[in-house]
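To start, the structure itself, in structure tokens.
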Amino acid sequence: MELKAVIYLVITTSVVSAAVKYSRGSVNMSSEKMLIRTLLEEYAERGKMGRPVAQQNDTLVISYGLSLIQILDLDERNQVLSTNVWATYNWNDMYLKWDADNYSGIHTIRVPTEDIWMPDIKLYNYADTRLEEKREALAVLSSDGTVVWIPQAVFKSSCSIDIRHFPFDVQTCKLKFGSWTYDGSKLDLLFMYNLTGFEMTDYIDSNEWEIKESSAKKTTKYYPCCPEPYVDLTFTLKIKRKVAFYSYILILPCLLLSSLTLVLFWLPPESPAKMQLGMNIFVAFFVLLLLLAESTPPAASSIPLIGAYYCLNMILITLSTLLSVVVVNMYFRGSRTRVPRIFKSCMMEVFARVFCMRNQLVDENLEKNTNAFVAYNNKDKNKHSEFKYDRVGCFEMQTEESWRVLTNGTPQVLNTDPENPFERPFSTLPRAISNLEKEIKDIKDYLKVIVDKSQDKEAKEKAAREWKNVALVLDRLFFFLYLIAMMASAFTIFETTLMQET
């Protein structure tokens, strides 16, 4: 019974297989499909592992090229360049040849890449978390064995970023391609269509970057792991940043704030807005510095020149605020101390004349009148003291005896009338003179106190005026120093940027 069951199963399988073959033969199949099926079946029998060469020492030549479609992004922070390209592979597979006359004159067909041998050309400076950067695409086969494969790809490659001249920077990024396992004796690489760079026919202009130069070169390199030489093709892309956006975001505010800082030195010291303006400008520059930090790599080997310019302006604004405090302190110092003579001479005789401020700060007529007033007081004081001495000496000599001599010795009649003081006897004259002398002395002492107070007030006003004048001259000096520093820094940055562009 078991032998009959086995015989029955064999007969049934044969009948089914014959029916399947009959059904296949009954369906019309195009020459292209028959060619693809026949070619792939024969290829599968040989196996797709191993290079398609006749001898193992033969070198398989791969022509490789890149068509740049778009620069997607250049991430300065992570130093990654993203590009949309079409990669072109061209080689000859001796096992994929056929006679076109036997297949209705078909010279090209399309087959899936997973059914044939493919070269393992990889991007060496790969910087992507994805496992595969290429999209699926069919390979085009020719009757002479030529294989052309043009997949779409988005490459993310590492690129060293130099932000020293940001936003006027020019970046140079490289994409290095080569076989990952085959050395140069097994697999050689050539440029497609003899191009030495990217093919730019279908390139879409970027809103941020402008291509300055595109080049490529073939290199042979020895690695420590392997004694054989490895061939690679390095495509170089030199791009320049378009500064239109950054001109309005970073550069123009910087210039305006730098110019506004100059106003800080023109505000009068008694104005409270002098300090407030300095602090507000400092905060504005700090905000711009934060915006700049977001656009640049945090661990860059060099800082942008515009960032150094921001920091320099912040330092100058801080110094200007501190100097404004010094100026305000001098301006309101008053008469507590005198201006040092050397400092006063340096400010009023040198810098005031250089800045054409001498006539505005010093009134020559007022100085002359003040000096004349002081000299007159000193002279008048000596004159009054001499007059006091002469009169007193005269009155002291004019005693009763002298009056008798003056009146020829004729005795005078005494008048006892108190209402007429001029008729009093000469014996009471020294007492009146003494009282008059005392009153004059009191008046002179009072006048001396008034004059001393006036002179002291004038001296204090003069000292306060000198401090104010020195403060104004010093404020003007700080203005020109800041102007020179700002122009020098701006000129240095401009010159360095111009040299970078050339």
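Numbering starts fresh at 1 for the residues of each chain in the structure tokens, the chains themselves are lettered A, B, ... in the order given, and ligands are numbered from 1 as they appear.
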Spatial neighbours of Asp202 of chain A, 8 Å, only C-alpha atoms, chain gap at least 4 places, as a list in words: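 The residues satisfying every condition are Ser67, Leu68 and Ile69 of chain A.
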Selection: 8 Å around Met275 of chain A, only C-alpha atoms, excl. self and same-chain fewer than 3 positions, as a list in words: Pro272, Gly278, Met279, Thr321, Ser324 and Val325 of chain A
Who sits within 8 Å of Ala216 of chain A, only C-alpha atoms, same chain under 3 positions skipped, as a PyMOL selection string: chain A and resi 196-198+233-236
Give me, as CSV, the closest atom pair and its distance (Å, one decimal) for every residue of segment 25-118 of chain A within a cut-off of 6 Å of segment 157-166 of chain A, counting only C-alpha atoms, rows sorted by chain and rising number.
residue,atom,partner,partner_atom,distance
A:Gln79,CA,A:Cys159,CA,5.4
A:Val80,CA,A:Ser158,CA,4.7
A:Leu81,CA,A:Ser157,CA,5.3
Gap from atom CA of Lys174 of chain A to atom CA of Lys240 of chain A - Å, one decimal: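 Separation of atom CA of Lys174 of chain A and atom CA of Lys240 of chain A: 14.5 Å.
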Residues of segment 70-139 of chain A that have any atom at most 10 Å from an atom of segment 45-51 of chain A: could you tabulate them with the shortest-distance atom pair and the distance in Å to one decimal, using only C-alpha atoms, ordered by chain and increasing number, as CSV?
residue,atom,partner,partner_atom,distance
A:Asp93,CA,A:Arg51,CA,8.5
A:Met94,CA,A:Arg51,CA,9.8
A:Tyr95,CA,A:Arg46,CA,8.7
A:Glu114,CA,A:Lys48,CA,9.1
A:Asp115,CA,A:Lys48,CA,7.2
A:Ile116,CA,A:Lys48,CA,5.5
A:Trp117,CA,A:Lys48,CA,5.0
A:Met118,CA,A:Lys48,CA,8.6
A:Pro119,CA,A:Arg51,CA,8.5
DSSP strand (DSSP E or B) residues within segment 120-288 of chain A, as a PyMOL selection string: chain A and resi 121-123+126+134+139-142+146-149+152-158+170-179+187-191+199+204+209-223+226-241
Atoms to include: C-alpha atoms. Write the selected residues as a short mmCIF file (atom, residue, chain, number, x, y, z; two decimals), in the first residue's frame.
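Here's the written file again_18.cif:
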data_model
loop_
_atom_site.label_atom_id
_atom_site.label_comp_id
_atom_site.auth_asym_id
_atom_site.auth_seq_id
_atom_site.Cartn_x
_atom_site.Cartn_y
_atom_site.Cartn_z
CA ILE A 121 31.77 52.92 -3.29
CA LYS A 122 31.17 54.81 -0.07
CA LEU A 123 31.41 58.37 1.19
CA TYR A 126 30.06 60.28 6.13
CA LYS A 134 20.69 56.64 -1.73
CA ALA A 139 20.38 49.83 -13.34
CA VAL A 140 20.52 50.29 -17.11
CA LEU A 141 22.25 47.40 -18.94
CA SER A 142 23.61 47.58 -22.49
CA THR A 146 27.97 48.28 -19.85
CA VAL A 147 26.11 49.02 -16.59
CA VAL A 148 24.91 52.54 -15.78
CA TRP A 149 23.38 53.30 -12.40
CA GLN A 152 19.37 59.99 -6.27
CA ALA A 153 21.17 60.67 -3.03
CA VAL A 154 21.32 63.13 -0.15
CA PHE A 155 24.83 63.18 1.23
CA LYS A 156 25.64 64.53 4.65
CA SER A 157 29.38 64.98 4.89
CA SER A 158 31.58 66.41 7.59
CA VAL A 170 34.17 81.32 2.36
CA GLN A 171 33.91 77.62 3.23
CA THR A 172 35.66 74.73 1.52
CA CYS A 173 33.96 71.34 1.87
CA LYS A 174 35.15 68.02 0.49
CA LEU A 175 33.31 64.80 -0.38
CA LYS A 176 35.64 61.81 -0.57
CA PHE A 177 34.44 58.68 -2.36
CA GLY A 178 36.16 55.33 -2.77
CA SER A 179 35.78 51.58 -2.52
CA LEU A 187 39.01 48.28 -8.54
CA ASP A 188 40.12 51.52 -10.17
CA LEU A 189 38.14 54.78 -10.18
CA LEU A 190 37.91 57.33 -12.98
CA PHE A 191 35.93 60.53 -13.40
CA GLU A 199 28.27 68.52 -13.00
CA ILE A 204 19.29 75.01 -8.17
CA TRP A 209 25.39 80.05 -0.41
CA GLU A 210 27.05 80.95 -3.68
CA ILE A 211 29.36 78.46 -5.39
CA LYS A 212 32.75 80.02 -6.08
CA GLU A 213 34.61 76.95 -7.31
CA SER A 214 34.04 73.25 -7.94
CA SER A 215 36.90 70.80 -8.45
CA ALA A 216 37.83 67.15 -8.03
CA LYS A 217 40.98 65.08 -7.99
CA LYS A 218 42.00 61.44 -7.84
CA THR A 219 44.35 60.34 -5.08
CA THR A 220 46.00 57.10 -4.10
CA LYS A 221 46.55 56.60 -0.41
CA TYR A 222 48.04 53.94 1.84
CA TYR A 223 46.27 53.19 5.11
CA CYS A 226 46.37 47.54 4.64
CA PRO A 227 49.55 47.46 2.55
CA GLU A 228 47.70 47.90 -0.74
CA PRO A 229 47.03 51.36 -2.17
CA TYR A 230 43.44 52.58 -2.12
CA VAL A 231 42.06 54.92 -4.77
CA ASP A 232 39.58 57.67 -3.96
CA LEU A 233 37.91 60.57 -5.76
CA THR A 234 37.70 63.81 -3.74
CA PHE A 235 35.16 66.41 -4.84
CA THR A 236 35.81 69.93 -3.49
CA LEU A 237 33.13 72.58 -3.19
CA LYS A 238 34.12 76.17 -2.39
CA ILE A 239 31.12 78.23 -1.35
CA LYS A 240 30.66 81.82 -0.20
CA ARG A 241 27.95 83.00 2.16
#
Nearest to Ile109 of chain A, chosen from A:Arg37, A:Arg130, A:Arg341, A:Arg77, with only C-alpha atoms counted in the distances: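 Of A:Arg37, A:Arg130, A:Arg341, A:Arg77, the one nearest Ile109 of chain A, counting only C-alpha atoms, is A:Arg37.
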Straight-line distance linking atom CA of Cys254 of chain A with atom CA of Asp475 of chain A, stated in Å to one decimal: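 Computing it gives 23.1 Å between the two atoms.
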Atom-to-atom span, atom CA of Asp128 of chain A and atom CA of Phe245 of chain A, Å: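 It comes out at 28.2 Å.
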Residues near Tyr482 of chain A, cut-off 12 Å, only C-alpha atoms, skip fewer than 5 positions along chain, as a list in words: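 Non-adjacent residues within range: Ser258, Ser259, Leu260, Thr261, Leu262, Val263, Leu264, Phe265, Leu312, Asn313, Met314, Ile315, Leu316, Ile317, Thr318, Leu319, Ser320, Thr321, Leu323, Asp475, Arg476, Leu477, Met487, Ala488 and Ser489 of chain A.
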Atoms to include: N, CA and C atoms. Write the selected residues as a PDB file, in the first residue's frame.
ATOM      1  N   SER A 258      27.281 101.312  17.430  1.00  0.00           N
ATOM      2  CA  SER A 258      28.617 101.905  17.578  1.00  0.00           C
ATOM      3  C   SER A 258      28.559 103.416  17.388  1.00  0.00           C
ATOM      4  N   SER A 259      27.763 103.854  16.413  1.00  0.00           N
ATOM      5  CA  SER A 259      27.602 105.297  16.216  1.00  0.00           C
ATOM      6  C   SER A 259      26.846 105.936  17.365  1.00  0.00           C
ATOM      7  N   LEU A 260      25.883 105.205  17.913  1.00  0.00           N
ATOM      8  CA  LEU A 260      25.116 105.743  19.035  1.00  0.00           C
ATOM      9  C   LEU A 260      25.980 105.883  20.280  1.00  0.00           C
ATOM     10  N   THR A 261      26.999 105.052  20.390  1.00  0.00           N
ATOM     11  CA  THR A 261      27.892 105.158  21.545  1.00  0.00           C
ATOM     12  C   THR A 261      28.626 106.486  21.546  1.00  0.00           C
ATOM     13  N   LEU A 262      28.874 107.050  20.365  1.00  0.00           N
ATOM     14  CA  LEU A 262      29.538 108.350  20.299  1.00  0.00           C
ATOM     15  C   LEU A 262      28.693 109.443  20.933  1.00  0.00           C
ATOM     16  N   VAL A 263      27.365 109.286  20.890  1.00  0.00           N
ATOM     17  CA  VAL A 263      26.484 110.287  21.485  1.00  0.00           C
ATOM     18  C   VAL A 263      26.670 110.327  22.996  1.00  0.00           C
ATOM     19  N   LEU A 264      27.131 109.209  23.558  1.00  0.00           N
ATOM     20  CA  LEU A 264      27.306 109.123  25.003  1.00  0.00           C
ATOM     21  C   LEU A 264      28.262 110.194  25.512  1.00  0.00           C
ATOM     22  N   PHE A 265      29.263 110.546  24.700  1.00  0.00           N
ATOM     23  CA  PHE A 265      30.251 111.522  25.149  1.00  0.00           C
ATOM     24  C   PHE A 265      29.814 112.954  24.879  1.00  0.00           C
ATOM     25  N   LEU A 312      34.848  94.065  21.680  1.00  0.00           N
ATOM     26  CA  LEU A 312      35.607  95.308  21.808  1.00  0.00           C
ATOM     27  C   LEU A 312      34.681  96.479  22.079  1.00  0.00           C
ATOM     28  N   ASN A 313      33.548  96.521  21.390  1.00  0.00           N
ATOM     29  CA  ASN A 313      32.595  97.602  21.637  1.00  0.00           C
ATOM     30  C   ASN A 313      32.009  97.519  23.037  1.00  0.00           C
ATOM     31  N   MET A 314      31.760  96.311  23.516  1.00  0.00           N
ATOM     32  CA  MET A 314      31.250  96.160  24.877  1.00  0.00           C
ATOM     33  C   MET A 314      32.289  96.625  25.897  1.00  0.00           C
ATOM     34  N   ILE A 315      33.562  96.319  25.626  1.00  0.00           N
ATOM     35  CA  ILE A 315      34.622  96.791  26.529  1.00  0.00           C
ATOM     36  C   ILE A 315      34.702  98.308  26.496  1.00  0.00           C
ATOM     37  N   LEU A 316      34.630  98.887  25.293  1.00  0.00           N
ATOM     38  CA  LEU A 316      34.692 100.338  25.179  1.00  0.00           C
ATOM     39  C   LEU A 316      33.490 101.002  25.826  1.00  0.00           C
ATOM     40  N   ILE A 317      32.319 100.384  25.685  1.00  0.00           N
ATOM     41  CA  ILE A 317      31.122 100.953  26.326  1.00  0.00           C
ATOM     42  C   ILE A 317      31.249 100.873  27.844  1.00  0.00           C
ATOM     43  N   THR A 318      31.775  99.751  28.333  1.00  0.00           N
ATOM     44  CA  THR A 318      31.991  99.645  29.778  1.00  0.00           C
ATOM     45  C   THR A 318      32.977 100.700  30.259  1.00  0.00           C
ATOM     46  N   LEU A 319      34.067 100.862  29.513  1.00  0.00           N
ATOM     47  CA  LEU A 319      35.038 101.896  29.882  1.00  0.00           C
ATOM     48  C   LEU A 319      34.432 103.292  29.771  1.00  0.00           C
ATOM     49  N   SER A 320      33.628 103.506  28.734  1.00  0.00           N
ATOM     50  CA  SER A 320      33.000 104.819  28.589  1.00  0.00           C
ATOM     51  C   SER A 320      32.042 105.109  29.733  1.00  0.00           C
ATOM     52  N   THR A 321      31.345 104.072  30.197  1.00  0.00           N
ATOM     53  CA  THR A 321      30.455 104.272  31.338  1.00  0.00           C
ATOM     54  C   THR A 321      31.256 104.596  32.592  1.00  0.00           C
ATOM     55  N   LEU A 323      34.238 105.920  32.634  1.00  0.00           N
ATOM     56  CA  LEU A 323      34.799 107.256  32.438  1.00  0.00           C
ATOM     57  C   LEU A 323      33.740 108.335  32.600  1.00  0.00           C
ATOM     58  N   ASP A 475      35.949 114.650  28.838  1.00  0.00           N
ATOM     59  CA  ASP A 475      34.877 113.974  28.113  1.00  0.00           C
ATOM     60  C   ASP A 475      35.115 114.035  26.606  1.00  0.00           C
ATOM     61  N   ARG A 476      35.581 115.179  26.105  1.00  0.00           N
ATOM     62  CA  ARG A 476      35.886 115.301  24.686  1.00  0.00           C
ATOM     63  C   ARG A 476      37.087 114.427  24.306  1.00  0.00           C
ATOM     64  N   LEU A 477      38.059 114.333  25.195  1.00  0.00           N
ATOM     65  CA  LEU A 477      39.214 113.470  24.936  1.00  0.00           C
ATOM     66  C   LEU A 477      38.785 112.013  24.825  1.00  0.00           C
ATOM     67  N   MET A 487      37.113 103.268  14.742  1.00  0.00           N
ATOM     68  CA  MET A 487      37.511 103.311  13.337  1.00  0.00           C
ATOM     69  C   MET A 487      38.651 102.343  13.056  1.00  0.00           C
ATOM     70  N   ALA A 488      39.588 102.222  13.993  1.00  0.00           N
ATOM     71  CA  ALA A 488      40.705 101.290  13.791  1.00  0.00           C
ATOM     72  C   ALA A 488      40.215  99.852  13.753  1.00  0.00           C
ATOM     73  N   SER A 489      39.313  99.490  14.668  1.00  0.00           N
ATOM     74  CA  SER A 489      38.793  98.119  14.680  1.00  0.00           C
ATOM     75  C   SER A 489      37.964  97.830  13.437  1.00  0.00           C
TER      76      SER A 489
END
Test item: residues at most 10 Å from segment 345-358 of chain A, only C-alpha atoms, excluding those fewer than 5 positions along its chain, as a list in words: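 Once the adjacent positions are removed, what remains is Val339, Pro340, Asp363, Glu364, Glu466, Asn469, Val470, Ala471, Leu472, Val473, Leu474, Arg476, Leu477 and Phe480 of chain A.
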Selection to disk with N, CA, C and O atoms, as a PDB file, in the first residue's frame:
ATOM      1  N   VAL A 339      42.128 121.650  41.573  1.00  0.00           N
ATOM      2  CA  VAL A 339      42.619 120.859  40.446  1.00  0.00           C
ATOM      3  C   VAL A 339      44.148 120.877  40.488  1.00  0.00           C
ATOM      4  O   VAL A 339      44.752 121.954  40.600  1.00  0.00           O
ATOM      5  N   PRO A 340      44.784 119.691  40.424  1.00  0.00           N
ATOM      6  CA  PRO A 340      46.252 119.688  40.406  1.00  0.00           C
ATOM      7  C   PRO A 340      46.784 120.541  39.253  1.00  0.00           C
ATOM      8  O   PRO A 340      46.233 120.542  38.153  1.00  0.00           O
ATOM      9  N   ASP A 363      36.798 132.378  29.972  1.00  0.00           N
ATOM     10  CA  ASP A 363      36.458 133.752  29.613  1.00  0.00           C
ATOM     11  C   ASP A 363      37.619 134.645  30.002  1.00  0.00           C
ATOM     12  O   ASP A 363      37.890 134.867  31.189  1.00  0.00           O
ATOM     13  N   GLU A 364      38.329 135.157  28.999  1.00  0.00           N
ATOM     14  CA  GLU A 364      39.509 135.968  29.282  1.00  0.00           C
ATOM     15  C   GLU A 364      39.154 137.237  30.050  1.00  0.00           C
ATOM     16  O   GLU A 364      39.876 137.660  30.966  1.00  0.00           O
ATOM     17  N   GLU A 466      36.777 125.318  37.394  1.00  0.00           N
ATOM     18  CA  GLU A 466      37.934 124.616  36.842  1.00  0.00           C
ATOM     19  C   GLU A 466      37.668 123.122  36.733  1.00  0.00           C
ATOM     20  O   GLU A 466      38.016 122.486  35.730  1.00  0.00           O
ATOM     21  N   ASN A 469      35.346 122.575  33.791  1.00  0.00           N
ATOM     22  CA  ASN A 469      36.052 122.714  32.519  1.00  0.00           C
ATOM     23  C   ASN A 469      36.940 121.508  32.233  1.00  0.00           C
ATOM     24  O   ASN A 469      36.997 121.001  31.108  1.00  0.00           O
ATOM     25  N   VAL A 470      37.650 121.044  33.267  1.00  0.00           N
ATOM     26  CA  VAL A 470      38.499 119.864  33.094  1.00  0.00           C
ATOM     27  C   VAL A 470      37.647 118.648  32.741  1.00  0.00           C
ATOM     28  O   VAL A 470      38.032 117.820  31.892  1.00  0.00           O
ATOM     29  N   ALA A 471      36.470 118.505  33.359  1.00  0.00           N
ATOM     30  CA  ALA A 471      35.583 117.377  33.062  1.00  0.00           C
ATOM     31  C   ALA A 471      35.108 117.428  31.624  1.00  0.00           C
ATOM     32  O   ALA A 471      35.057 116.395  30.929  1.00  0.00           O
ATOM     33  N   LEU A 472      34.773 118.609  31.121  1.00  0.00           N
ATOM     34  CA  LEU A 472      34.320 118.727  29.734  1.00  0.00           C
ATOM     35  C   LEU A 472      35.441 118.400  28.754  1.00  0.00           C
ATOM     36  O   LEU A 472      35.219 117.721  27.739  1.00  0.00           O
ATOM     37  N   VAL A 473      36.640 118.863  29.048  1.00  0.00           N
ATOM     38  CA  VAL A 473      37.775 118.552  28.173  1.00  0.00           C
ATOM     39  C   VAL A 473      38.069 117.050  28.202  1.00  0.00           C
ATOM     40  O   VAL A 473      38.343 116.424  27.169  1.00  0.00           O
ATOM     41  N   LEU A 474      37.996 116.452  29.388  1.00  0.00           N
ATOM     42  CA  LEU A 474      38.249 115.021  29.507  1.00  0.00           C
ATOM     43  C   LEU A 474      37.187 114.211  28.776  1.00  0.00           C
ATOM     44  O   LEU A 474      37.493 113.189  28.146  1.00  0.00           O
ATOM     45  N   ARG A 476      35.581 115.179  26.105  1.00  0.00           N
ATOM     46  CA  ARG A 476      35.886 115.301  24.686  1.00  0.00           C
ATOM     47  C   ARG A 476      37.087 114.427  24.306  1.00  0.00           C
ATOM     48  O   ARG A 476      37.126 113.841  23.211  1.00  0.00           O
ATOM     49  N   LEU A 477      38.059 114.333  25.195  1.00  0.00           N
ATOM     50  CA  LEU A 477      39.214 113.470  24.936  1.00  0.00           C
ATOM     51  C   LEU A 477      38.785 112.013  24.825  1.00  0.00           C
ATOM     52  O   LEU A 477      39.230 111.283  23.913  1.00  0.00           O
ATOM     53  N   PHE A 480      37.156 111.298  21.370  1.00  0.00           N
ATOM     54  CA  PHE A 480      38.073 111.085  20.257  1.00  0.00           C
ATOM     55  C   PHE A 480      38.830 109.771  20.398  1.00  0.00           C
ATOM     56  O   PHE A 480      39.117 109.105  19.392  1.00  0.00           O
TER      57      PHE A 480
END
Selection: 10 Å around Ala137 of chain A, only C-alpha atoms, excl. self and same-chain fewer than 4 positions, as an NGL selection string: :A and (110-113 or 149-152)
Which residue of A:Leu40, A:Leu305, A:Tyr193, A:Asp99 approaches Gly65 of chain A most closely, using only C-alpha atoms: A:Tyr193
